[in-house]
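Undergrad: File follows, run-v2.txt with compact mmCIF, C-alpha atoms:
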# COMPACT_ATOMS: atom_id res chain seq x y z
CA MET R 1 -24.83 -39.18 10.59
CA ASN R 2 -21.96 -38.42 12.94
CA ARG R 3 -20.85 -35.04 14.08
CA SER R 4 -17.90 -34.37 11.78
CA THR R 5 -20.05 -35.04 8.70
CA ILE R 6 -22.59 -32.54 10.00
CA ASP R 7 -19.82 -30.01 10.53
CA LEU R 8 -18.57 -30.61 7.01
CA TRP R 9 -22.00 -30.08 5.49
CA VAL R 10 -22.65 -26.97 7.56
CA GLY R 11 -19.25 -25.66 6.49
CA ILE R 12 -20.10 -26.28 2.84
CA PHE R 13 -23.49 -24.61 3.34
CA VAL R 14 -22.01 -21.50 4.96
CA VAL R 15 -19.28 -21.22 2.32
CA ALA R 16 -21.87 -21.60 -0.47
CA GLY R 17 -24.09 -18.96 1.16
CA ILE R 18 -21.23 -16.49 1.48
CA ALA R 19 -20.16 -17.28 -2.09
CA ALA R 20 -23.71 -16.50 -3.24
CA LEU R 21 -23.60 -13.17 -1.38
CA LEU R 22 -20.24 -12.36 -2.98
CA PHE R 23 -21.64 -13.32 -6.38
CA LEU R 24 -24.55 -10.95 -5.81
CA ALA R 25 -22.23 -8.17 -4.64
CA LEU R 26 -19.57 -8.51 -7.32
CA LYS R 27 -21.25 -9.88 -10.40
CA VAL R 28 -24.85 -8.68 -10.05
CA GLY R 29 -24.33 -5.38 -8.28
CA ASN R 30 -21.15 -3.63 -9.18
CA LEU R 31 -18.94 -3.30 -6.14
CA ALA R 32 -16.26 -1.51 -8.17
CA THR R 33 -18.38 1.53 -8.95
CA PHE R 34 -19.63 1.69 -5.40
CA SER R 35 -16.40 2.88 -3.82
CA THR R 36 -17.11 6.50 -3.05
CA SER R 37 -14.07 6.87 -0.82
CA GLN R 38 -11.91 8.23 -3.60
CA ALA R 39 -14.26 10.70 -5.14
CA TYR R 40 -14.94 14.42 -5.09
CA GLN R 41 -18.11 16.46 -5.03
CA VAL R 42 -19.10 18.95 -7.70
CA SER R 43 -22.34 20.89 -7.91
CA ALA R 44 -24.25 22.49 -10.76
CA LYS R 45 -27.36 24.63 -10.99
CA PHE R 46 -30.06 23.82 -13.50
CA ALA R 47 -33.18 25.79 -14.39
CA ASN R 48 -35.02 22.50 -14.85
CA ILE R 49 -33.84 18.98 -14.12
CA GLY R 50 -36.76 17.15 -15.76
CA GLY R 51 -36.87 13.59 -14.44
CA LEU R 52 -33.33 13.40 -13.08
CA LYS R 53 -33.02 11.20 -9.99
CA VAL R 54 -30.49 10.74 -7.24
CA ARG R 55 -28.00 7.95 -8.14
CA ALA R 56 -28.38 8.64 -11.86
CA PRO R 57 -25.06 8.34 -13.70
CA VAL R 58 -22.78 11.23 -14.63
CA LYS R 59 -21.26 10.50 -18.01
CA SER R 60 -18.58 12.10 -20.10
CA ALA R 61 -18.19 10.95 -23.69
CA GLY R 62 -20.57 8.13 -22.77
CA VAL R 63 -18.36 6.79 -19.98
CA VAL R 64 -19.78 6.75 -16.44
CA VAL R 65 -17.49 8.97 -14.35
CA GLY R 66 -19.70 9.48 -11.31
CA ARG R 67 -23.17 9.54 -9.83
CA ILE R 68 -25.71 12.15 -8.73
CA SER R 69 -25.50 12.26 -4.95
CA ASP R 70 -28.07 14.91 -4.10
CA ILE R 71 -30.73 17.13 -5.67
CA ARG R 72 -31.97 20.21 -3.85
CA PHE R 73 -34.00 23.30 -4.65
CA ASP R 74 -32.26 26.62 -4.13
CA ASN R 75 -34.85 29.01 -2.79
CA GLU R 76 -32.80 32.11 -3.68
CA SER R 77 -32.14 31.57 -7.33
CA TYR R 78 -35.19 29.29 -7.81
CA GLU R 79 -33.00 26.72 -9.48
CA ALA R 80 -32.23 23.06 -8.82
CA VAL R 81 -28.83 22.36 -7.29
CA VAL R 82 -27.48 18.98 -8.36
CA SER R 83 -24.53 17.53 -6.45
CA MET R 84 -22.41 14.95 -8.24
CA THR R 85 -19.83 12.56 -6.90
CA ILE R 86 -17.11 12.13 -9.47
CA ASP R 87 -14.41 9.48 -9.35
CA GLN R 88 -11.03 10.86 -8.28
CA THR R 89 -9.33 9.43 -11.36
CA TYR R 90 -11.30 11.75 -13.66
CA LYS R 91 -10.38 15.45 -13.76
CA PHE R 92 -12.34 18.07 -15.62
CA PRO R 93 -11.49 21.66 -16.62
CA ARG R 94 -13.27 24.49 -14.84
CA ASP R 95 -15.36 25.53 -17.82
CA THR R 96 -16.89 22.09 -18.27
CA THR R 97 -20.50 22.12 -19.46
CA ALA R 98 -23.10 19.98 -17.68
CA LYS R 99 -26.15 18.91 -19.66
CA ILE R 100 -29.12 16.82 -18.66
CA LEU R 101 -29.54 14.22 -21.36
CA THR R 102 -31.72 11.19 -21.94
CA SER R 103 -30.44 7.79 -23.00
CA GLY R 104 -32.72 6.63 -25.79
CA ILE R 105 -36.30 7.75 -26.15
CA LEU R 106 -37.69 6.09 -23.03
CA GLY R 107 -34.40 5.79 -21.19
CA GLU R 108 -33.34 7.29 -17.90
CA GLN R 109 -31.95 10.79 -17.63
CA TYR R 110 -28.32 11.43 -16.80
CA VAL R 111 -25.88 14.31 -16.59
CA GLY R 112 -23.45 14.60 -19.49
CA LEU R 113 -20.21 16.49 -18.96
CA GLU R 114 -18.47 18.18 -21.87
CA ALA R 115 -14.94 19.27 -21.09
CA GLY R 116 -13.98 22.86 -21.85
CA GLY R 117 -10.57 24.29 -22.59
CA ASP R 118 -9.57 25.87 -19.28
CA ALA R 119 -6.12 24.95 -17.99
CA ARG R 120 -7.28 24.99 -14.37
CA MET R 121 -9.09 21.91 -13.13
CA LEU R 122 -12.23 21.58 -11.05
CA GLU R 123 -11.55 21.28 -7.34
CA ALA R 124 -13.52 19.29 -4.80
CA GLY R 125 -16.66 21.23 -3.89
CA GLY R 126 -16.42 23.29 -7.07
CA ALA R 127 -19.37 24.38 -9.15
CA LEU R 128 -20.07 23.99 -12.85
CA ARG R 129 -21.20 27.37 -14.24
CA LEU R 130 -22.26 26.32 -17.71
CA THR R 131 -25.35 24.14 -17.61
CA GLN R 132 -28.09 23.11 -19.97
CA SER R 133 -31.46 22.07 -18.56
CA ALA R 134 -33.46 19.02 -19.40
CA VAL R 135 -35.68 19.19 -22.43
CA VAL R 136 -39.28 19.30 -21.25
CA LEU R 137 -41.58 17.89 -23.89
CA GLU R 138 -44.47 20.21 -23.06
CA ASN R 139 -42.26 23.30 -23.44
CA LEU R 140 -40.94 21.96 -26.71
CA ILE R 141 -44.44 21.39 -28.07
CA SER R 142 -45.74 24.75 -26.90
CA GLN R 143 -42.72 26.46 -28.46
CA PHE R 144 -43.38 24.64 -31.70
CA LEU R 145 -47.05 25.57 -31.68
CA PHE R 146 -46.21 29.16 -30.82
CA ASN R 147 -43.80 29.38 -33.71
CA LYS R 148 -46.35 27.88 -36.04
CA ALA R 149 -48.96 30.36 -34.88
CA ALA R 150 -46.53 33.23 -35.31
CA GLU R 151 -45.72 32.04 -38.82
CA GLY R 152 -49.42 31.86 -39.64
CA ASN R 153 -49.95 35.40 -38.35
CA GLU R 154 -47.04 36.64 -40.39
CA THR R 155 -48.29 35.14 -43.64
CA SER R 156 -51.85 36.31 -43.09
CA GLY R 157 -50.58 39.76 -42.13
CA ASN R 158 -48.55 39.91 -45.34
CA GLU R 159 -51.55 38.90 -47.35
CA LYS R 160 -53.59 41.68 -45.81
CA GLY R 161 -50.80 44.11 -46.61
CA ASN R 162 -50.77 42.95 -50.18
CA GLU R 163 -54.49 43.44 -50.46
CA LYS R 164 -54.19 47.02 -49.22
CA LYS R 165 -51.58 47.75 -51.81
CA MET T 1 -89.33 -13.27 27.09
CA PRO T 2 -87.73 -13.34 23.61
CA THR T 3 -85.96 -9.99 24.13
CA ASP T 4 -84.23 -11.33 27.22
CA GLN T 5 -83.11 -14.37 25.31
CA LEU T 6 -81.85 -12.16 22.49
CA ARG T 7 -79.99 -10.02 24.95
CA ALA T 8 -78.39 -13.03 26.59
CA ASP T 9 -77.41 -14.42 23.19
CA LEU T 10 -75.87 -11.13 22.13
CA ARG T 11 -74.04 -10.87 25.39
CA ALA T 12 -72.62 -14.37 25.04
CA ARG T 13 -71.37 -13.57 21.55
CA LEU T 14 -69.74 -10.33 22.67
CA GLU T 15 -68.09 -12.14 25.54
CA ARG T 16 -66.73 -14.78 23.19
CA LEU T 17 -65.38 -12.12 20.86
CA GLY T 18 -63.80 -10.26 23.75
CA SER T 19 -62.19 -13.36 25.19
CA ALA T 20 -60.85 -14.30 21.74
CA VAL T 21 -59.29 -10.84 21.37
CA THR T 22 -57.79 -10.81 24.85
CA GLY T 23 -56.60 -14.37 24.25
CA HIS T 24 -54.70 -13.28 21.14
CA VAL T 25 -53.26 -10.22 22.85
CA TRP T 26 -52.23 -12.36 25.83
CA ARG T 27 -50.58 -14.86 23.50
CA LEU T 28 -48.72 -12.08 21.67
CA GLY T 29 -47.43 -10.75 24.96
CA TYR T 30 -46.41 -14.25 26.03
CA ALA T 31 -44.60 -14.71 22.70
CA ALA T 32 -42.72 -11.42 23.19
CA ARG T 33 -41.77 -12.41 26.75
CA PHE T 34 -40.67 -15.80 25.42
CA LEU T 35 -38.43 -14.11 22.81
CA ALA T 36 -36.86 -11.88 25.46
CA TYR T 37 -36.26 -14.89 27.73
CA LEU T 38 -34.85 -16.82 24.76
CA LEU T 39 -32.44 -14.03 23.85
CA MET T 40 -31.27 -13.68 27.45
CA HIS T 41 -30.68 -17.41 27.75
CA SER T 42 -29.01 -18.03 24.41
CA GLY T 43 -25.57 -17.93 26.01
CA THR T 44 -25.45 -21.74 25.97
CA ALA T 45 -26.34 -21.87 22.29
CA LEU T 46 -23.46 -19.55 21.45
CA ARG T 47 -20.96 -20.98 23.93
CA ARG T 48 -21.61 -24.60 22.97
CA PHE T 49 -21.72 -23.66 19.32
CA ARG T 50 -21.92 -27.28 18.17
CA LEU T 51 -25.55 -27.37 19.27
CA THR T 52 -26.29 -24.45 16.95
CA VAL T 53 -24.21 -25.97 14.14
CA LYS T 54 -26.34 -29.09 14.34
CA GLU T 55 -29.48 -26.99 13.98
CA VAL T 56 -27.97 -25.09 11.03
CA TYR T 57 -27.56 -28.52 9.47
CA PHE T 58 -31.21 -29.42 10.01
CA ALA T 59 -32.68 -26.02 9.12
CA GLY T 60 -30.23 -24.91 6.44
CA VAL T 61 -28.39 -27.77 4.79
CA LEU T 62 -31.43 -30.02 4.49
CA SER T 63 -33.42 -27.12 2.94
CA LEU T 64 -30.71 -26.57 0.32
CA ILE T 65 -32.16 -28.81 -2.38
CA ILE T 66 -35.66 -27.31 -2.35
CA ILE T 67 -34.23 -23.76 -2.18
CA LEU T 68 -31.77 -24.28 -5.04
CA VAL T 69 -34.24 -26.05 -7.33
CA SER T 70 -37.02 -23.52 -6.64
CA GLY T 71 -34.60 -20.63 -7.17
CA LEU T 72 -33.48 -22.05 -10.51
CA PHE T 73 -37.04 -22.49 -11.75
CA VAL T 74 -38.26 -19.12 -10.45
CA GLY T 75 -35.38 -17.43 -12.28
CA MET T 76 -36.07 -19.34 -15.48
CA VAL T 77 -39.79 -18.50 -15.42
CA LEU T 78 -38.99 -14.84 -14.64
CA ALA T 79 -36.72 -14.70 -17.69
CA LEU T 80 -39.31 -16.30 -19.96
CA GLN T 81 -42.17 -14.09 -18.79
CA GLY T 82 -40.05 -10.95 -18.57
CA TYR T 83 -38.76 -11.46 -22.10
CA GLU T 84 -42.30 -11.69 -23.47
CA THR T 85 -43.16 -8.27 -22.01
CA LEU T 86 -39.84 -6.51 -22.54
CA GLN T 87 -39.66 -7.62 -26.14
CA ARG T 88 -42.79 -5.57 -26.94
CA PHE T 89 -40.97 -2.41 -25.97
CA GLY T 90 -37.78 -3.44 -27.69
CA ALA T 91 -36.03 -3.60 -24.33
CA SER T 92 -35.13 -7.28 -24.17
CA GLU T 93 -31.57 -6.31 -23.18
CA SER T 94 -32.99 -5.17 -19.83
CA LEU T 95 -33.91 -8.77 -19.01
CA GLY T 96 -30.94 -9.07 -16.65
CA VAL T 97 -32.07 -6.00 -14.72
CA LEU T 98 -35.60 -7.34 -14.39
CA VAL T 99 -34.51 -10.78 -13.22
CA ALA T 100 -31.85 -9.50 -10.82
CA LEU T 101 -33.89 -6.73 -9.22
CA SER T 102 -37.00 -8.85 -8.73
CA LEU T 103 -34.96 -11.65 -7.19
CA VAL T 104 -32.63 -9.61 -5.00
CA ARG T 105 -35.25 -7.18 -3.73
CA GLU T 106 -38.37 -9.31 -3.42
CA LEU T 107 -38.56 -12.89 -4.60
CA GLY T 108 -35.29 -14.10 -3.08
CA PRO T 109 -36.09 -13.22 0.54
CA VAL T 110 -39.86 -13.79 0.29
CA VAL T 111 -40.00 -17.10 -1.56
CA ALA T 112 -36.97 -18.46 0.31
CA GLY T 113 -38.70 -17.37 3.54
CA LEU T 114 -41.96 -19.11 2.60
CA LEU T 115 -40.12 -22.29 1.65
CA PHE T 116 -38.04 -22.07 4.82
CA ALA T 117 -41.19 -21.68 6.92
CA SER T 118 -42.82 -24.76 5.43
CA ARG T 119 -39.66 -26.86 5.25
CA ALA T 120 -37.74 -25.94 8.42
CA GLY T 121 -40.22 -23.96 10.53
CA SER T 122 -42.80 -26.74 10.60
CA ALA T 123 -40.08 -29.27 11.47
CA ILE T 124 -38.87 -27.12 14.39
CA THR T 125 -42.42 -26.76 15.75
CA ALA T 126 -43.16 -30.47 15.40
CA GLU T 127 -39.89 -31.41 17.08
CA ILE T 128 -40.28 -29.08 20.07
CA GLY T 129 -44.00 -29.84 20.34
CA LEU T 130 -43.35 -33.57 20.36
CA MET T 131 -40.61 -33.12 22.97
CA LYS T 132 -43.18 -31.31 25.08
CA ALA T 133 -45.86 -33.97 24.44
CA THR T 134 -43.50 -36.76 25.46
CA GLU T 135 -42.48 -34.72 28.52
CA GLN T 136 -38.84 -34.50 27.54
CA LEU T 137 -38.90 -30.77 28.27
CA SER T 138 -40.29 -31.39 31.78
CA ALA T 139 -37.64 -34.09 32.30
CA MET T 140 -34.94 -31.56 31.43
CA GLU T 141 -36.35 -29.10 33.92
CA MET T 142 -36.25 -31.88 36.54
CA MET T 143 -32.54 -32.28 35.84
CA ALA T 144 -32.09 -28.51 36.27
CA VAL T 145 -31.42 -28.07 32.57
CA ASP T 146 -33.22 -25.09 31.10
CA PRO T 147 -35.06 -26.44 28.03
CA VAL T 148 -35.20 -22.97 26.50
CA ALA T 149 -31.42 -22.62 26.65
CA ARG T 150 -30.69 -26.23 25.68
CA VAL T 151 -33.38 -26.99 23.08
CA VAL T 152 -35.07 -23.80 21.90
CA ALA T 153 -32.20 -21.29 21.63
CA PRO T 154 -29.97 -23.42 19.35
CA ARG T 155 -32.89 -24.00 17.00
CA PHE T 156 -33.68 -20.29 16.98
CA TRP T 157 -30.11 -19.27 16.18
CA GLY T 158 -29.72 -22.07 13.67
CA GLY T 159 -32.73 -20.73 11.77
CA VAL T 160 -31.61 -17.11 12.01
CA ILE T 161 -28.16 -18.02 10.64
CA SER T 162 -29.54 -20.23 7.86
CA MET T 163 -32.22 -17.94 6.46
CA PRO T 164 -30.06 -15.14 4.94
CA LEU T 165 -27.70 -17.70 3.44
CA LEU T 166 -30.61 -19.59 1.91
CA ALA T 167 -32.09 -16.36 0.51
CA ALA T 168 -28.74 -15.39 -1.01
CA LEU T 169 -28.40 -18.85 -2.57
CA PHE T 170 -31.97 -18.59 -3.89
CA SER T 171 -31.26 -15.22 -5.53
CA ALA T 172 -27.93 -16.35 -7.00
CA MET T 173 -29.49 -19.55 -8.33
CA GLY T 174 -32.43 -17.57 -9.76
CA ILE T 175 -30.11 -15.19 -11.58
CA PHE T 176 -28.24 -18.20 -12.95
CA GLY T 177 -31.58 -19.65 -14.11
CA GLY T 178 -32.46 -16.33 -15.73
CA TYR T 179 -29.08 -16.35 -17.45
CA LEU T 180 -29.65 -19.91 -18.72
CA VAL T 181 -33.03 -19.10 -20.24
CA GLY T 182 -32.37 -15.49 -21.27
CA VAL T 183 -28.90 -15.85 -22.76
CA GLN T 184 -28.52 -19.53 -23.65
CA LEU T 185 -32.06 -20.34 -24.73
CA ILE T 186 -33.61 -17.10 -26.02
CA GLY T 187 -30.38 -15.49 -27.12
CA VAL T 188 -30.24 -12.14 -25.33
CA ASP T 189 -26.76 -10.70 -25.63
CA ALA T 190 -24.69 -11.91 -22.67
CA GLY T 191 -22.71 -8.66 -22.37
CA ALA T 192 -25.86 -6.52 -22.24
CA PHE T 193 -27.48 -8.96 -19.81
CA TRP T 194 -24.68 -8.66 -17.25
CA SER T 195 -23.62 -5.04 -17.80
CA GLN T 196 -27.15 -3.63 -17.57
CA MET T 197 -27.69 -5.72 -14.48
CA GLN T 198 -24.52 -4.36 -12.90
CA ALA T 199 -25.43 -0.80 -13.79
CA ALA T 200 -28.89 -1.07 -12.25
CA VAL T 201 -28.30 -3.15 -9.11
CA ASP T 202 -26.89 -1.12 -6.26
CA LEU T 203 -24.94 -2.83 -3.52
CA ARG T 204 -26.42 -0.95 -0.58
CA HIS T 205 -29.82 -0.03 -1.93
CA ASP T 206 -30.75 -3.40 -3.42
CA ILE T 207 -28.51 -6.20 -2.17
CA LEU T 208 -28.01 -5.05 1.41
CA ASN T 209 -31.73 -4.30 1.77
CA GLY T 210 -32.50 -7.78 0.46
CA VAL T 211 -30.18 -9.28 3.07
CA ILE T 212 -31.81 -7.18 5.82
CA LYS T 213 -35.20 -8.48 4.67
CA SER T 214 -34.03 -12.08 4.78
CA VAL T 215 -32.60 -11.63 8.30
CA ALA T 216 -35.93 -10.12 9.44
CA PHE T 217 -37.85 -13.03 7.90
CA GLY T 218 -35.45 -15.52 9.48
CA VAL T 219 -36.04 -14.03 12.93
CA ALA T 220 -39.82 -13.91 12.42
CA VAL T 221 -40.17 -17.45 11.07
CA THR T 222 -37.97 -19.15 13.66
CA TRP T 223 -39.47 -17.11 16.48
CA ILE T 224 -42.98 -18.22 15.46
CA ALA T 225 -41.79 -21.81 14.94
CA VAL T 226 -40.07 -22.23 18.33
CA PHE T 227 -42.88 -20.41 20.14
CA GLU T 228 -45.65 -22.49 18.57
CA GLY T 229 -43.71 -25.65 19.42
CA TYR T 230 -43.05 -24.57 22.99
CA ASP T 231 -46.63 -23.39 23.47
CA ALA T 232 -48.25 -26.40 21.77
CA VAL T 233 -50.98 -28.36 23.54
CA PRO T 234 -49.04 -31.53 24.48
CA THR T 235 -51.18 -33.98 22.54
CA ALA T 236 -50.91 -35.43 19.04
CA GLU T 237 -53.68 -33.12 17.87
CA GLY T 238 -52.16 -30.10 19.59
CA VAL T 239 -48.78 -30.65 17.93
CA SER T 240 -50.35 -31.04 14.51
CA ARG T 241 -52.35 -27.83 15.05
CA ALA T 242 -49.26 -25.97 16.20
CA THR T 243 -47.38 -27.12 13.08
CA THR T 244 -50.17 -25.89 10.81
CA ARG T 245 -50.32 -22.60 12.69
CA THR T 246 -46.57 -22.13 12.29
CA VAL T 247 -46.79 -22.39 8.51
CA VAL T 248 -49.84 -20.13 8.26
CA MET T 249 -48.65 -17.52 10.76
CA SER T 250 -45.09 -17.32 9.46
CA SER T 251 -46.27 -17.03 5.84
CA LEU T 252 -48.57 -14.18 6.81
CA ALA T 253 -45.82 -12.62 8.91
CA ILE T 254 -43.38 -12.77 5.99
CA LEU T 255 -45.81 -11.12 3.58
CA ALA T 256 -46.85 -8.42 6.05
CA LEU T 257 -43.25 -7.73 7.10
CA ASP T 258 -42.24 -7.63 3.45
CA PHE T 259 -44.76 -4.90 2.75
CA VAL T 260 -43.61 -2.83 5.72
CA LEU T 261 -39.91 -3.28 4.94
CA THR T 262 -40.41 -2.52 1.25
CA ALA T 263 -42.36 0.61 2.12
CA LEU T 264 -39.52 1.69 4.44
CA MET T 265 -36.68 0.82 2.10
CA PHE T 266 -37.77 1.62 -1.41
CA THR T 267 -40.10 4.58 -1.18
CA GLY T 268 -37.70 7.33 -0.26
CA GLY T 269 -37.26 10.35 -2.48
CA ASN T 270 -34.64 8.46 -4.44
CA ALA T 271 -36.66 5.37 -5.23
CA GLY T 272 -35.79 3.92 -8.59
Turn the structure described in the file into structure tokens.
TA:
Amino acid sequence: MNRSTIDLWVGIFVVAGIAALLFLALKVGNLATFSTSQAYQVSAKFANIGGLKVRAPVKSAGVVVGRISDIRFDNESYEAVVSMTIDQTYKFPRDTTAKILTSGILGEQYVGLEAGGDARMLEAGGALRLTQSAVVLENLISQFLFNKAAEGNETSGNEKGNEKK
Amino acid sequence: MPTDQLRADLRARLERLGSAVTGHVWRLGYAARFLAYLLMHSGTALRRFRLTVKEVYFAGVLSLIIILVSGLFVGMVLALQGYETLQRFGASESLGVLVALSLVRELGPVVAGLLFASRAGSAITAEIGLMKATEQLSAMEMMAVDPVARVVAPRFWGGVISMPLLAALFSAMGIFGGYLVGVQLIGVDAGAFWSQMQAAVDLRHDILNGVIKSVAFGVAVTWIAVFEGYDAVPTAEGVSRATTRTVVMSSLAILALDFVLTALMFTGGNAG
């Protein structure tokens, strides 16, 4: 095999390899949502973030508008501070509510934004005041059991009262 | 006296063990010195780039068929097996995520690296070892041509350039195979297959780390291959032993490196 044929094959090989890398970058991973250059940061404090992870999506009305960029623990208010990177094209009012929601029963957790009615918009570095923490199953169950127990006490107490009468 | 004999026997064994250990450490040091020398003298390989291009042809282009076919089948098997498990949890739409993440993060670089080691690495060792056995390397030195710069460095760079491209082709082909089986054969929804994959695969965290892995494996495999060839005992038996050692050592190196790199890359606080 002479040299130019080798060059041709190597050229084809390199082009195919780069095409495969581009395929991986564009079609498999999403390059479009990666661009963080035109985005702004917003933070929110939650009493409990449940299983929320960095890089989890931030959704509004089900549409992905950004990603969680950082999760920290604030040692003064004993709350979790969640920083979000939101795409520059999406603007939200100042009184937007941030909730930690779960997609499906076993799905991942994400932050859902519900727009408020304020005329002023959130600025870069702004904070969301209205938040709703993640639902922790154990708390839910203990609350349920507590309520049940309280109900039981009430009914038995009433019965005792009736007996006395 | 039997105790004296026992003592002598024990001593001989300890000495053998010690010399084996020092021999391995000495060889590792020699290999590191060889790599440093190789890197310092790879100017010729980069200046006369045609030499390297020729080696890319031998290491990369001729490995294409085995890489592409293996990638296709690995992807298809992943889709079949993954579907079986995911279906139980009613999550068969996540098939694309499973196939893409396993290929891009692990199987692409590792399996492509193993195939590359046995297909191209062994060939490099055999070629350099045979050159040494037939005294072509000594002849070059006689003519004041540095065999490391002229013979070894182009092969090294050819392998290092080929490996990431082969791994990327392996992953892409595997995802295509997963698409063929998952979407065309089993009937997973094509939109969910691609969109869930795109939502889960991160460019930097998954794809770039996979590429870094494949570059690391490429360097490790070709380093071992050229060193074993250069260091081979210049006989027919020595060359065959060096070739076997290349395949064994580079496979072990790939798996060990893979564990270390995975531990470094994917176990931060934000793993997931």
Undergrad: With a cut-off of 7 Å and counting all atoms listed in the file, select all residues of chain T in contact with chain R and give the selection as a compact mmCIF listing (two decimals) with C-alpha atoms, in the frame of the given file.
TA:
# COMPACT_ATOMS: atom_id res chain seq x y z
CA VAL T 53 -24.21 -25.97 14.14
CA LYS T 54 -26.34 -29.09 14.34
CA VAL T 56 -27.97 -25.09 11.03
CA TYR T 57 -27.56 -28.52 9.47
CA VAL T 61 -28.39 -27.77 4.79
CA LEU T 165 -27.70 -17.70 3.44
CA LEU T 166 -30.61 -19.59 1.91
CA ALA T 168 -28.74 -15.39 -1.01
CA LEU T 169 -28.40 -18.85 -2.57
CA ALA T 172 -27.93 -16.35 -7.00
CA MET T 197 -27.69 -5.72 -14.48
CA GLN T 198 -24.52 -4.36 -12.90
CA ALA T 199 -25.43 -0.80 -13.79
CA VAL T 201 -28.30 -3.15 -9.11
CA ASP T 202 -26.89 -1.12 -6.26
CA LEU T 203 -24.94 -2.83 -3.52
CA ASN T 270 -34.64 8.46 -4.44
Undergrad: Counting all atoms listed in the file, note down every residue that has an atom within 9 Å of the point (-27.6, -6.1, -21.7) (file coordinates), as a PyMOL selection string.
TA: chain T and resi 92-97+188-197
Undergrad: Store the residues picked out above, limited to C-alpha atoms, as an mmCIF file, keeping the file's coordinate frame.
TA:
data_model
loop_
_atom_site.group_PDB
_atom_site.id
_atom_site.type_symbol
_atom_site.label_atom_id
_atom_site.label_comp_id
_atom_site.auth_asym_id
_atom_site.auth_seq_id
_atom_site.Cartn_x
_atom_site.Cartn_y
_atom_site.Cartn_z
ATOM 1 C CA SER T 92 -35.130 -7.280 -24.170
ATOM 2 C CA GLU T 93 -31.570 -6.310 -23.180
ATOM 3 C CA SER T 94 -32.990 -5.170 -19.830
ATOM 4 C CA LEU T 95 -33.910 -8.770 -19.010
ATOM 5 C CA GLY T 96 -30.940 -9.070 -16.650
ATOM 6 C CA VAL T 97 -32.070 -6.000 -14.720
ATOM 7 C CA VAL T 188 -30.240 -12.140 -25.330
ATOM 8 C CA ASP T 189 -26.760 -10.700 -25.630
ATOM 9 C CA ALA T 190 -24.690 -11.910 -22.670
ATOM 10 C CA GLY T 191 -22.710 -8.660 -22.370
ATOM 11 C CA ALA T 192 -25.860 -6.520 -22.240
ATOM 12 C CA PHE T 193 -27.480 -8.960 -19.810
ATOM 13 C CA TRP T 194 -24.680 -8.660 -17.250
ATOM 14 C CA SER T 195 -23.620 -5.040 -17.800
ATOM 15 C CA GLN T 196 -27.150 -3.630 -17.570
ATOM 16 C CA MET T 197 -27.690 -5.720 -14.480
#
Undergrad: Contacts of Arg129 of chain R at 8 Å or less, counting all atoms listed in the file, minus same-chain residues fewer than 3 places along, as a PyMOL selection string?
TA: chain R and resi 44-45+95-97
Undergrad: Need to verify the contact set: Ala39 of chain R, 8 Å, only C-alpha atoms, exclusion of same-chain residues closer than 4 positions in sequence. Can you return it as a VMD selection string?
TA: chain R and resid 85 to 88
Undergrad: Any chance you could export the current selection's C-alpha atoms as a JSON list (two decimals), keeping the file's coordinate frame?
TA:
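again_10.json was written with the following content:
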[["chain", "number", "residue", "atom", "x", "y", "z"],
["R", 85, "THR", "CA", -19.83, 12.56, -6.90],
["R", 86, "ILE", "CA", -17.11, 12.13, -9.47],
["R", 87, "ASP", "CA", -14.41, 9.48, -9.35],
["R", 88, "GLN", "CA", -11.03, 10.86, -8.28]]
Undergrad: Here's a test: counting only C-alpha atoms, identify every protein, DNA and RNA residue with an atom at most 12 Å from (-17.3, 13.2, -20.5) in the file's coordinate frame, and state them as a PyMOL selection string.
TA: chain R and resi 57-66+86+90-93+96-99+110-116
Undergrad: Select, from T:Val145, T:Val110, T:Val151, T:Ala59, the residue with the minimum atom-to-atom distance to Ala123 of chain T, counting all atoms listed in the file.
TA: T:Ala59
Undergrad: Would you work out the distance separating atom CA of Lys132 of chain T from atom CA of Tyr230 of chain T, expressed in Å to one decimal?
TA: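 Between atom CA of Lys132 of chain T and atom CA of Tyr230 of chain T the gap is 7.1 Å.
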Undergrad: For a quick check of understanding, using only C-alpha atoms, which of T:Ala12, T:Leu78, T:Ala36, T:Ile124 has the smallest distance to Leu107 of chain T?
TA: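 Of the candidates, the smallest distance to Leu107 of chain T is held by T:Leu78.
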Undergrad: Using only C-alpha atoms for the distances, tell me which of R:Asn153, R:Ala127, R:Leu101, R:Asp118 is nearest to Gln41 of chain R.
TA: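 Answer, going by the shortest atom-to-atom distance: R:Ala127.
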Undergrad: Find, counting all atoms listed in the file, the residue in T:Leu38, T:Val183, T:Met163, T:Ala91 that gets nearest to Ser63 of chain T.
TA: T:Met163
Undergrad: Please identify all polymer residues within 9 Å of Val211 of chain T, counting only C-alpha atoms, omitting same-chain residues fewer than 3 positions from it, and present them as a ChimeraX atom specification.
TA: /R:21 /T:104-105,109,164-165,167-168,206-208,214-216
Undergrad: For Ile100 of chain R, which residue out of R:Val42, R:Ala149, R:Gly51, R:Tyr78 is the nearest one, using only C-alpha atoms?
TA: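 Once distances to Ile100 of chain R are computed over only C-alpha atoms, the minimum belongs to R:Gly51.
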Undergrad: For Ile254 of chain T, please output as a list in words all residues within 9 Å (counting all atoms listed in the file; exclusion window: fewer than 2 positions along the same chain).
TA: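 These residues fall inside the cut-off: Val110, Gly113, Leu114, Ala216, Phe217, Ala220, Val221, Met249, Ser250, Ser251, Leu252, Ala256, Leu257, Asp258 and Phe259 of chain T.
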